[in-house]
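**Q** Sharing coords-v7.pdb, PDB, C-alpha atoms and all ligand atoms:
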MODEL        1
ATOM      1  CA  MET A   2       2.732 -15.617   8.872
ATOM      2  CA  ALA A   3      -0.283 -13.977   7.222
ATOM      3  CA  ILE A   4       1.075 -13.640   3.692
ATOM      4  CA  LYS A   5       3.945 -15.703   2.393
ATOM      5  CA  PHE A   6       5.398 -15.477  -1.118
ATOM      6  CA  GLU A   7       7.460 -18.470  -2.181
ATOM      7  CA  ARG A   8       9.536 -17.915  -5.295
ATOM      8  CA  VAL A   9       6.657 -16.156  -7.022
ATOM      9  CA  GLY A  10       6.798 -15.279 -10.687
ATOM     10  CA  TYR A  11       4.064 -13.695 -12.752
ATOM     11  CA  GLU A  12       3.816 -13.477 -16.511
ATOM     12  CA  TYR A  13       1.191 -11.317 -18.205
ATOM     13  CA  GLN A  14      -0.175 -12.636 -21.442
ATOM     14  CA  ASP A  15      -0.483 -10.004 -24.144
ATOM     15  CA  ILE A  16      -3.292 -10.180 -26.746
ATOM     16  CA  ASP A  17      -0.874 -11.525 -29.333
ATOM     17  CA  GLY A  18      -0.027 -14.353 -26.901
ATOM     18  CA  LYS A  19       3.411 -12.976 -26.059
ATOM     19  CA  GLY A  20       4.351 -13.303 -22.403
ATOM     20  CA  TYR A  21       5.686 -10.469 -20.284
ATOM     21  CA  LEU A  22       7.442 -11.319 -17.033
ATOM     22  CA  ALA A  23       6.304  -8.745 -14.439
ATOM     23  CA  LEU A  24       7.477 -10.560 -11.281
ATOM     24  CA  ALA A  25      10.469 -12.840 -10.888
ATOM     25  CA  ASP A  26      11.357 -15.115  -7.990
ATOM     26  CA  ILE A  27       9.769 -13.098  -5.179
ATOM     27  CA  THR A  28      10.145 -14.509  -1.675
ATOM     28  CA  LEU A  29       8.567 -12.411   1.026
ATOM     29  CA  ASN A  30       6.768 -12.687   4.368
ATOM     30  CA  ILE A  31       4.238 -10.263   5.802
ATOM     31  CA  ASN A  32       2.991 -10.516   9.390
ATOM     32  CA  LYS A  33      -0.638 -10.287  10.389
ATOM     33  CA  THR A  34      -0.028  -7.463  12.838
ATOM     34  CA  GLY A  35       2.431  -4.742  13.631
ATOM     35  CA  GLU A  36       3.790  -3.931  10.194
ATOM     36  CA  PHE A  37       3.784  -0.599   8.378
ATOM     37  CA  ILE A  38       5.334  -1.315   5.018
ATOM     38  CA  THR A  39       5.907   0.932   2.031
ATOM     39  CA  LEU A  40       6.410  -0.605  -1.391
ATOM     40  CA  ILE A  41       8.345   1.544  -3.824
ATOM     41  CA  GLY A  42      10.006   1.296  -7.226
ATOM     42  CA  GLU A  43       9.982   2.920 -10.626
ATOM     43  CA  THR A  44       6.954   2.917 -12.905
ATOM     44  CA  GLY A  45       6.484  -0.539 -14.371
ATOM     45  CA  SER A  46       8.673  -2.265 -11.774
ATOM     46  CA  GLY A  47       5.843  -4.596 -10.676
ATOM     47  CA  LYS A  48       4.405  -2.954  -7.526
ATOM     48  CA  SER A  49       0.733  -3.197  -8.484
ATOM     49  CA  THR A  50       1.237  -6.722  -9.781
ATOM     50  CA  LEU A  51       2.810  -7.712  -6.462
ATOM     51  CA  ALA A  52      -0.024  -6.055  -4.493
ATOM     52  CA  GLN A  53      -2.644  -7.948  -6.494
ATOM     53  CA  HIS A  54      -1.049 -11.212  -5.384
ATOM     54  CA  MET A  55      -1.549 -10.244  -1.732
ATOM     55  CA  ASN A  56      -5.308 -10.905  -1.865
ATOM     56  CA  ALA A  57      -5.327 -13.488  -4.632
ATOM     57  CA  LEU A  58      -6.610 -11.144  -7.289
ATOM     58  CA  LEU A  59      -3.810 -12.548  -9.417
ATOM     59  CA  THR A  60      -2.575 -16.130  -9.258
ATOM     60  CA  PRO A  61       1.181 -16.619  -9.602
ATOM     61  CA  THR A  62       2.338 -18.286 -12.800
ATOM     62  CA  GLU A  63       5.396 -19.583 -10.884
ATOM     63  CA  GLY A  64       5.689 -20.465  -7.203
ATOM     64  CA  ARG A  65       3.055 -20.013  -4.505
ATOM     65  CA  VAL A  66       1.473 -17.407  -2.270
ATOM     66  CA  HIS A  67       0.005 -18.475   1.071
ATOM     67  CA  ILE A  68      -2.649 -16.090   2.396
ATOM     68  CA  PHE A  69      -3.906 -16.867   5.892
ATOM     69  CA  GLY A  70      -3.081 -20.516   5.294
ATOM     70  CA  VAL A  71      -4.711 -20.760   1.859
ATOM     71  CA  LYS A  72      -2.327 -21.773  -0.897
ATOM     72  CA  ILE A  73      -2.651 -19.857  -4.158
ATOM     73  CA  SER A  74      -0.838 -21.408  -7.091
ATOM     74  CA  ARG A  75      -1.294 -22.144 -10.753
ATOM     75  CA  GLU A  76      -1.867 -25.843 -10.051
ATOM     76  CA  GLY A  77      -4.449 -25.169  -7.342
ATOM     77  CA  LYS A  78      -6.441 -22.631  -9.351
ATOM     78  CA  LYS A  79      -9.127 -25.061 -10.438
ATOM     79  CA  ASP A  80      -9.639 -26.570  -6.977
ATOM     80  CA  LYS A  81     -13.376 -26.301  -6.267
ATOM     81  CA  ASN A  82     -12.738 -26.050  -2.537
ATOM     82  CA  LEU A  83     -10.604 -22.950  -2.972
ATOM     83  CA  LYS A  84     -12.493 -20.124  -1.233
ATOM     84  CA  LEU A  85     -11.277 -16.660  -2.078
ATOM     85  CA  ASN A  86     -13.991 -14.620  -0.371
ATOM     86  CA  PRO A  87     -12.556 -14.952   3.162
ATOM     87  CA  ILE A  88      -9.152 -13.926   1.822
ATOM     88  CA  ARG A  89     -10.574 -10.819   0.175
ATOM     89  CA  GLN A  90     -12.214  -9.846   3.459
ATOM     90  CA  LYS A  91      -9.025 -10.390   5.464
ATOM     91  CA  VAL A  92      -6.732  -8.588   3.032
ATOM     92  CA  GLY A  93      -8.356  -5.385   1.774
ATOM     93  CA  LEU A  94      -6.855  -4.045  -1.437
ATOM     94  CA  VAL A  95      -7.430  -0.472  -2.592
ATOM     95  CA  PHE A  96      -6.716  -0.281  -6.324
ATOM     96  CA  GLN A  97      -4.424   2.265  -7.906
ATOM     97  CA  PHE A  98      -7.260   3.411 -10.163
ATOM     98  CA  PRO A  99     -10.450   3.819  -8.094
ATOM     99  CA  GLU A 100     -12.648   3.594 -11.202
ATOM    100  CA  TYR A 101     -11.999  -0.158 -11.143
ATOM    101  CA  GLN A 102     -13.410  -0.419  -7.645
ATOM    102  CA  LEU A 103     -16.593   1.680  -7.820
ATOM    103  CA  PHE A 104     -19.701   0.287  -9.436
ATOM    104  CA  GLU A 105     -22.830   0.894  -7.332
ATOM    105  CA  GLU A 106     -25.389   3.620  -7.968
ATOM    106  CA  THR A 107     -24.616   5.591  -4.858
ATOM    107  CA  VAL A 108     -21.522   6.138  -2.785
ATOM    108  CA  GLY A 109     -23.354   4.787   0.271
ATOM    109  CA  ASN A 110     -24.241   1.516  -1.481
ATOM    110  CA  ASP A 111     -20.734   1.252  -2.782
ATOM    111  CA  ILE A 112     -19.163   1.504   0.664
ATOM    112  CA  ALA A 113     -21.767  -0.851   2.178
ATOM    113  CA  PHE A 114     -21.358  -3.425  -0.615
ATOM    114  CA  GLY A 115     -18.238  -5.130   0.778
ATOM    115  CA  PRO A 116     -19.486  -5.624   4.343
ATOM    116  CA  LYS A 117     -22.908  -6.830   3.126
ATOM    117  CA  ASN A 118     -21.224  -9.254   0.785
ATOM    118  CA  PHE A 119     -19.312 -10.664   3.746
ATOM    119  CA  GLY A 120     -22.422 -11.218   5.840
ATOM    120  CA  VAL A 121     -22.801  -7.977   7.778
ATOM    121  CA  SER A 122     -26.427  -6.830   8.300
ATOM    122  CA  GLU A 123     -27.861  -4.027   6.159
ATOM    123  CA  LYS A 124     -28.130  -1.690   9.147
ATOM    124  CA  GLU A 125     -24.575  -2.344  10.340
ATOM    125  CA  ALA A 126     -23.257  -1.908   6.783
ATOM    126  CA  GLU A 127     -24.993   1.475   6.511
ATOM    127  CA  GLU A 128     -23.563   2.549   9.825
ATOM    128  CA  ARG A 129     -20.112   1.583   8.688
ATOM    129  CA  ALA A 130     -20.614   3.584   5.463
ATOM    130  CA  LYS A 131     -21.451   6.691   7.502
ATOM    131  CA  LYS A 132     -18.479   6.203   9.767
ATOM    132  CA  MET A 133     -16.005   5.518   6.968
ATOM    133  CA  ILE A 134     -17.065   8.412   4.737
ATOM    134  CA  ASN A 135     -16.173  10.717   7.625
ATOM    135  CA  ILE A 136     -12.908   8.940   8.319
ATOM    136  CA  VAL A 137     -11.713   9.501   4.746
ATOM    137  CA  GLY A 138     -12.530  13.189   5.003
ATOM    138  CA  LEU A 139     -15.851  13.505   3.150
ATOM    139  CA  ASP A 140     -19.201  14.382   4.731
ATOM    140  CA  GLU A 141     -22.381  12.307   4.750
ATOM    141  CA  SER A 142     -23.966  14.266   1.894
ATOM    142  CA  TYR A 143     -21.720  12.245  -0.416
ATOM    143  CA  LEU A 144     -23.487   9.000   0.493
ATOM    144  CA  SER A 145     -26.397   9.688  -1.857
ATOM    145  CA  ARG A 146     -24.251  10.826  -4.781
ATOM    146  CA  SER A 147     -23.204   8.768  -7.774
ATOM    147  CA  PRO A 148     -19.593   7.590  -7.444
ATOM    148  CA  PHE A 149     -19.071   8.246 -11.149
ATOM    149  CA  ASN A 150     -19.671  11.977 -10.838
ATOM    150  CA  LEU A 151     -16.932  12.570  -8.304
ATOM    151  CA  SER A 152     -13.517  14.152  -8.769
ATOM    152  CA  GLY A 153     -10.481  11.862  -8.929
ATOM    153  CA  GLY A 154      -9.513  12.567  -5.321
ATOM    154  CA  GLU A 155     -13.069  12.014  -4.087
ATOM    155  CA  LYS A 156     -13.293   8.697  -5.941
ATOM    156  CA  LYS A 157     -10.047   7.688  -4.316
ATOM    157  CA  ARG A 158     -11.432   8.491  -0.866
ATOM    158  CA  VAL A 159     -14.664   6.575  -1.520
ATOM    159  CA  SER A 160     -12.774   3.501  -2.695
ATOM    160  CA  ILE A 161     -10.650   3.648   0.467
ATOM    161  CA  ALA A 162     -13.805   3.988   2.617
ATOM    162  CA  GLY A 163     -15.236   0.897   0.933
ATOM    163  CA  ILE A 164     -12.217  -1.197   1.872
ATOM    164  CA  LEU A 165     -12.041   0.170   5.426
ATOM    165  CA  ALA A 166     -15.724  -0.737   5.872
ATOM    166  CA  MET A 167     -14.870  -4.423   5.416
ATOM    167  CA  GLU A 168     -12.606  -4.140   8.473
ATOM    168  CA  PRO A 169      -9.828  -6.203   6.929
ATOM    169  CA  ASP A 170      -6.920  -7.523   9.023
ATOM    170  CA  ILE A 171      -4.396  -6.282   6.503
ATOM    171  CA  LEU A 172      -4.744  -3.174   4.350
ATOM    172  CA  VAL A 173      -2.958  -2.986   1.005
ATOM    173  CA  LEU A 174      -3.188   0.475  -0.551
ATOM    174  CA  ASP A 175      -1.966   1.053  -4.103
ATOM    175  CA  GLU A 176      -0.950   4.720  -4.308
ATOM    176  CA  PRO A 177      -3.792   5.803  -1.998
ATOM    177  CA  THR A 178      -2.760   9.443  -1.863
ATOM    178  CA  SER A 179      -1.758  10.104  -5.461
ATOM    179  CA  GLY A 180      -3.717  13.004  -6.906
ATOM    180  CA  LEU A 181      -4.706  14.394  -3.508
ATOM    181  CA  ASP A 182      -3.755  17.866  -2.288
ATOM    182  CA  PRO A 183      -1.014  17.970   0.391
ATOM    183  CA  LEU A 184      -3.418  18.525   3.300
ATOM    184  CA  GLY A 185      -5.681  15.691   2.186
ATOM    185  CA  ARG A 186      -2.692  13.451   1.650
ATOM    186  CA  ASN A 187      -1.308  14.042   5.137
ATOM    187  CA  ALA A 188      -4.713  13.582   6.741
ATOM    188  CA  LEU A 189      -5.201  10.224   5.033
ATOM    189  CA  LEU A 190      -1.708   9.041   5.896
ATOM    190  CA  LYS A 191      -2.509   9.797   9.527
ATOM    191  CA  VAL A 192      -5.686   7.710   9.208
ATOM    192  CA  PHE A 193      -3.688   4.745   7.896
ATOM    193  CA  TYR A 194      -1.063   5.177  10.562
ATOM    194  CA  GLU A 195      -3.713   5.292  13.281
ATOM    195  CA  ILE A 196      -5.352   2.128  11.978
ATOM    196  CA  HIS A 197      -1.946   0.513  12.197
ATOM    197  CA  GLN A 198      -1.136   1.829  15.671
ATOM    198  CA  LYS A 199      -4.465   1.695  17.481
ATOM    199  CA  LEU A 200      -5.784  -1.521  15.961
ATOM    200  CA  ASP A 201      -2.337  -3.078  15.531
ATOM    201  CA  LYS A 202      -3.071  -3.869  11.885
ATOM    202  CA  THR A 203      -0.570  -4.399   9.129
ATOM    203  CA  VAL A 204      -0.646  -1.729   6.431
ATOM    204  CA  VAL A 205       1.125  -1.914   3.074
ATOM    205  CA  ILE A 206       1.280   1.314   1.064
ATOM    206  CA  ILE A 207       2.552   1.672  -2.478
ATOM    207  CA  THR A 208       3.914   5.144  -2.986
ATOM    208  CA  HIS A 209       6.283   7.286  -5.018
ATOM    209  CA  ASP A 210       6.608   9.759  -2.139
ATOM    210  CA  MET A 211       9.903   9.225  -0.322
ATOM    211  CA  ASN A 212       8.851  11.589   2.479
ATOM    212  CA  THR A 213       6.056   9.175   3.352
ATOM    213  CA  VAL A 214       8.498   6.285   3.202
ATOM    214  CA  TYR A 215      11.010   7.937   5.476
ATOM    215  CA  GLU A 216       8.644   9.332   8.055
ATOM    216  CA  TYR A 217       6.173   6.448   8.399
ATOM    217  CA  ALA A 218       7.529   3.140   7.202
ATOM    218  CA  LYS A 219       8.956   0.530   9.523
ATOM    219  CA  ARG A 220       9.907  -1.606   6.563
ATOM    220  CA  VAL A 221      10.472  -0.766   2.904
ATOM    221  CA  LEU A 222      10.253  -3.067  -0.102
ATOM    222  CA  VAL A 223      11.921  -1.894  -3.301
ATOM    223  CA  MET A 224      10.923  -3.376  -6.652
ATOM    224  CA  ARG A 225      13.116  -3.097  -9.710
ATOM    225  CA  GLU A 226      12.249  -4.670 -13.059
ATOM    226  CA  GLY A 227      10.116  -7.352 -11.441
ATOM    227  CA  ASN A 228      12.637  -8.208  -8.728
ATOM    228  CA  LEU A 229      12.493  -7.446  -5.030
ATOM    229  CA  VAL A 230      15.858  -5.775  -4.467
ATOM    230  CA  TYR A 231      15.465  -4.429  -0.918
ATOM    231  CA  ASP A 232      13.505  -5.503   2.123
ATOM    232  CA  GLY A 233      14.581  -3.580   5.198
ATOM    233  CA  ALA A 234      14.534  -0.432   7.277
ATOM    234  CA  PRO A 235      14.018   2.997   5.671
ATOM    235  CA  THR A 236      16.982   4.394   7.593
ATOM    236  CA  GLN A 237      19.397   2.038   5.809
ATOM    237  CA  LEU A 238      17.817   2.482   2.405
ATOM    238  CA  PHE A 239      19.022   5.879   1.237
ATOM    239  CA  SER A 240      22.769   5.199   1.053
ATOM    240  CA  ARG A 241      24.482   6.959  -1.835
ATOM    241  CA  LYS A 242      24.941   3.613  -3.556
ATOM    242  CA  ASN A 243      21.268   2.617  -3.387
ATOM    243  CA  VAL A 244      20.092   6.085  -4.402
ATOM    244  CA  LYS A 245      22.264   5.893  -7.506
ATOM    245  CA  ASN A 246      21.609   2.250  -8.414
ATOM    246  CA  TRP A 247      17.861   2.366  -7.948
ATOM    247  CA  ASN A 248      17.174   5.978  -9.035
ATOM    248  CA  LEU A 249      15.668   6.853  -5.658
ATOM    249  CA  ASP A 250      14.528  10.317  -4.764
ATOM    250  CA  VAL A 251      15.956  11.331  -1.383
ATOM    251  CA  PRO A 252      13.457  12.343   1.354
ATOM    252  CA  ASP A 253      13.405  16.111   2.085
ATOM    253  CA  ILE A 254      14.479  15.578   5.691
ATOM    254  CA  LEU A 255      17.623  13.765   4.556
ATOM    255  CA  LYS A 256      18.397  16.391   1.907
ATOM    256  CA  VAL A 257      18.153  19.139   4.498
ATOM    257  CA  ARG A 258      20.185  17.133   6.997
ATOM    258  CA  ARG A 259      22.977  16.493   4.530
ATOM    259  CA  ALA A 260      23.024  20.153   3.424
ATOM    260  CA  ILE A 261      23.218  21.358   7.036
ATOM    261  CA  GLU A 262      25.994  18.899   7.869
ATOM    262  CA  GLU A 263      27.967  20.153   4.906
ATOM    263  CA  LYS A 264      27.347  23.876   5.456
ATOM    264  CA  LEU A 265      28.052  23.857   9.172
ATOM    265  CA  GLY A 266      30.745  21.186   9.051
ATOM    266  CA  ILE A 267      28.963  19.133  11.711
ATOM    267  CA  THR A 268      27.976  15.485  11.971
ATOM    268  CA  ILE A 269      24.444  14.768  13.117
ATOM    269  CA  GLU A 270      24.246  11.455  14.962
ATOM    270  CA  GLY A 271      21.347   9.020  14.919
ATOM    271  CA  GLU A 272      18.043   8.939  13.065
ATOM    272  CA  THR A 273      16.055  11.996  12.002
ATOM    273  CA  ARG A 274      12.727  10.751  10.664
ATOM    274  CA  ASN A 275      10.851  14.071  10.815
ATOM    275  CA  LYS A 276      11.335  17.820  11.323
ATOM    276  CA  ALA A 277      11.147  17.658  15.108
ATOM    277  CA  ASP A 278      13.849  14.943  15.230
ATOM    278  CA  LEU A 279      16.066  16.938  12.920
ATOM    279  CA  MET A 280      15.727  20.202  14.864
ATOM    280  CA  ALA A 281      16.547  18.428  18.123
ATOM    281  CA  LYS A 282      19.613  16.709  16.651
ATOM    282  CA  ILE A 283      20.941  19.937  15.120
ATOM    283  CA  GLY A 284      20.636  21.510  18.560
ATOM    284  CA  GLU A 285      22.630  18.639  20.077
ATOM    285  CA  ALA A 286      25.308  18.806  17.379
ATOM    286  CA  LEU A 287      25.808  22.548  17.890
ATOM    287  CA  ARG A 288      26.018  22.368  21.656
TER     288      ARG A 288
HETATM  289  N1  LIG B 301      -2.593  -6.389 -18.086
HETATM  290  C1  LIG B 301      -1.300  -6.367 -18.455
HETATM  291  N2  LIG B 301      -0.891  -6.982 -19.578
HETATM  292  C2  LIG B 301       0.410  -6.974 -19.943
HETATM  293  N3  LIG B 301       1.384  -6.369 -19.246
HETATM  294  C3  LIG B 301       1.041  -5.724 -18.124
HETATM  295  C4  LIG B 301      -0.331  -5.672 -17.657
HETATM  296  N4  LIG B 301      -0.370  -4.972 -16.518
HETATM  297  C5  LIG B 301       0.902  -4.580 -16.276
HETATM  298  N5  LIG B 301       1.749  -5.027 -17.232
HETATM  299  C6  LIG B 301       3.201  -4.821 -17.294
HETATM  300  O1  LIG B 301       3.813  -5.362 -16.128
HETATM  301  C7  LIG B 301       4.807  -4.490 -15.612
HETATM  302  C8  LIG B 301       4.514  -4.180 -14.155
HETATM  303  O2  LIG B 301       3.328  -3.429 -14.075
HETATM  304  P1  LIG B 301       2.784  -2.851 -12.702
HETATM  305  O3  LIG B 301       1.465  -2.260 -12.977
HETATM  306  O4  LIG B 301       2.862  -3.918 -11.659
HETATM  307  O5  LIG B 301       3.883  -1.737 -12.377
HETATM  308  P2  LIG B 301       3.918  -0.646 -11.206
HETATM  309  O6  LIG B 301       5.241  -0.810 -10.508
HETATM  310  O7  LIG B 301       2.693  -0.733 -10.384
HETATM  311  O8  LIG B 301       3.966   0.739 -12.018
HETATM  312  P3  LIG B 301       3.308   2.191 -11.674
HETATM  313  O9  LIG B 301       4.238   2.869 -10.704
HETATM  314  O10 LIG B 301       3.300   2.874 -13.008
HETATM  315  O11 LIG B 301       1.937   1.974 -11.138
HETATM  316  C9  LIG B 301       4.809  -3.255 -16.511
HETATM  317  O12 LIG B 301       5.903  -3.316 -17.377
HETATM  318  C10 LIG B 301       3.507  -3.339 -17.261
HETATM  319  O13 LIG B 301       3.646  -2.825 -18.576
HETATM  320 MG    MG B 302       1.084   0.521 -10.087
ENDMDL
END
Re-express the file's structure as structure tokens.
**A**
Amino acid sequence: MAIKFERVGYEYQDIDGKGYLALADITLNINKTGEFITLIGETGSGKSTLAQHMNALLTPTEGRVHIFGVKISREGKKDKNLKLNPIRQKVGLVFQFPEYQLFEETVGNDIAFGPKNFGVSEKEAEERAKKMINIVGLDESYLSRSPFNLSGGEKKRVSIAGILAMEPDILVLDEPTSGLDPLGRNALLKVFYEIHQKLDKTVVIITHDMNTVYEYAKRVLVMREGNLVYDGAPTQLFSRKNVKNWNLDVPDILKVRRAIEEKLGITIEGETRNKADLMAKIGEALR
């Protein structure tokens, strides 16, 4: 098991010293390979807090997280032998707000920073920067620009390129496509899906977009008020009960499917994860 949460709780400390419990009793396992997970839940439900435990950016205030065999806990925090660098290289986290991730003078240096920091040669790091800027849909002219003068969507892409350049085993992406136009969003989702499929890497994506969840995810985690309330397949998730209890938006494909079933008085059997599936199943049902 690559990442293992054992009864994890996390309490933020406000400036006035008051505690705020953002995670409660989370138990969760994530495999090193083969997973494509989406993490969903209402604003403030604890998604980003959970993600920041996946590469030891936050230390649990209750329980333990094991990341590639390294135990992260409140008691172990002061252990001088605790090495977090290898963990950060293995689990790449793209922040929700890219401003927190960009700090170098040029985009090129920013993308090359991670790999260089983890021992990759200057030349190799530069090559990776060139490759990754293209992969996230920007051209090489961006490499010499200041990351601070970019649009929100461009900053997002650069911060993603920087994490990809470290070639992590597991990618954790906190709302990677928010603020992007629909074409850009779909193109990036395909990039993540390809990384998962071709390199057999585990990808965790935080999103509010139920279409992404339904079409791509193999596994969905639902957070609600600091608790993990669902860990399972997307096809079982959108029951009327769950939609009502957890205020879920229903994916477009399911809305259309349910409307067609009602209008035509037919029952469509099996899963319809995308338009092509749905069209084929309607054809079958009408035959
Ligand atoms: N630095 C902090 N200090 C105190 N409380 C915090 C801090 N960061 C987050 N919180 C609180 O913890 C809870 C969980 O926050 P978190 O950012 O994990 O939510 P989220 O599910 O990612 O929300 P969103 O969808 O808006 O990004 C929220 O109620 C938030 O107000
Ligand atoms: Mg968040």
**Q** Could you tell me which residues the PyMOL selection byres (((chain A and resi 61) around 8) and not hetatm) grabs in this file, written as a ChimeraX atom specification?
**A** /A:9-11,54,59-60,62-66,73-75
**Q** Please identify all polymer residues within 8 Å of Glu36 of chain A, counting only C-alpha atoms, omitting same-chain residues fewer than 6 positions from it, and present them as a VMD selection string.
**A** chain A and resid 197 202 to 205 219 to 220
**Q** Any chance you could work out the residue set of the PyMOL selection byres (((chain A and resi 272) around 12) and not hetatm) here, as a PyMOL selection string?
**A** chain A and resi 215-216+234-237+254-255+258+268-271+273-283
**Q** If we count only C-alpha atoms, what is near segment 153-170 of chain A at a cut-off of 6 Å, once residues fewer than 3 positions away on the same chain are taken out, given as a list in words?
**A** Gln90, Lys91, Val92, Gly93, Pro99, Ile112, Gly115, Pro116, Arg129, Met133, Ile134, Val137 and Leu181 of chain A
**Q** Create the file for the chosen residues now, containing C-alpha atoms and written as a PDB file, keeping the file's coordinate frame.
**A**
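What follows is the written file out-v7.pdb:
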ATOM      1  CA  GLN A  90     -12.214  -9.846   3.459  1.00  0.00           C
ATOM      2  CA  LYS A  91      -9.025 -10.390   5.464  1.00  0.00           C
ATOM      3  CA  VAL A  92      -6.732  -8.588   3.032  1.00  0.00           C
ATOM      4  CA  GLY A  93      -8.356  -5.385   1.774  1.00  0.00           C
ATOM      5  CA  PRO A  99     -10.450   3.819  -8.094  1.00  0.00           C
ATOM      6  CA  ILE A 112     -19.163   1.504   0.664  1.00  0.00           C
ATOM      7  CA  GLY A 115     -18.238  -5.130   0.778  1.00  0.00           C
ATOM      8  CA  PRO A 116     -19.486  -5.624   4.343  1.00  0.00           C
ATOM      9  CA  ARG A 129     -20.112   1.583   8.688  1.00  0.00           C
ATOM     10  CA  MET A 133     -16.005   5.518   6.968  1.00  0.00           C
ATOM     11  CA  ILE A 134     -17.065   8.412   4.737  1.00  0.00           C
ATOM     12  CA  VAL A 137     -11.713   9.501   4.746  1.00  0.00           C
ATOM     13  CA  LEU A 181      -4.706  14.394  -3.508  1.00  0.00           C
TER      14      LEU A 181
END
**Q** Since I can't run it myself right now, could you work out what the PyMOL selection byres (((not hetatm)) within 8 of (chain B and resi 302)) selects here and report it as a JSON list (two decimals) with C-alpha atoms, in the coordinates of the input?
**A**
[["chain", "number", "residue", "atom", "x", "y", "z"],
["A", 44, "THR", "CA", 6.95, 2.92, -12.90],
["A", 45, "GLY", "CA", 6.48, -0.54, -14.37],
["A", 47, "GLY", "CA", 5.84, -4.60, -10.68],
["A", 48, "LYS", "CA", 4.40, -2.95, -7.53],
["A", 49, "SER", "CA", 0.73, -3.20, -8.48],
["A", 50, "THR", "CA", 1.24, -6.72, -9.78],
["A", 97, "GLN", "CA", -4.42, 2.26, -7.91],
["A", 175, "ASP", "CA", -1.97, 1.05, -4.10],
["A", 176, "GLU", "CA", -0.95, 4.72, -4.31],
["A", 207, "ILE", "CA", 2.55, 1.67, -2.48]]
**Q** Name the residues, by chain letter and number, that sit within 10 Å of ligand LIG 301 (chain B) using only C-alpha atoms and all ligand atoms, and give them as an NGL selection string.
**A** :A and (11-16 or 19-24 or 40-53 or 97-98 or 175-176 or 207-209 or 223-227)
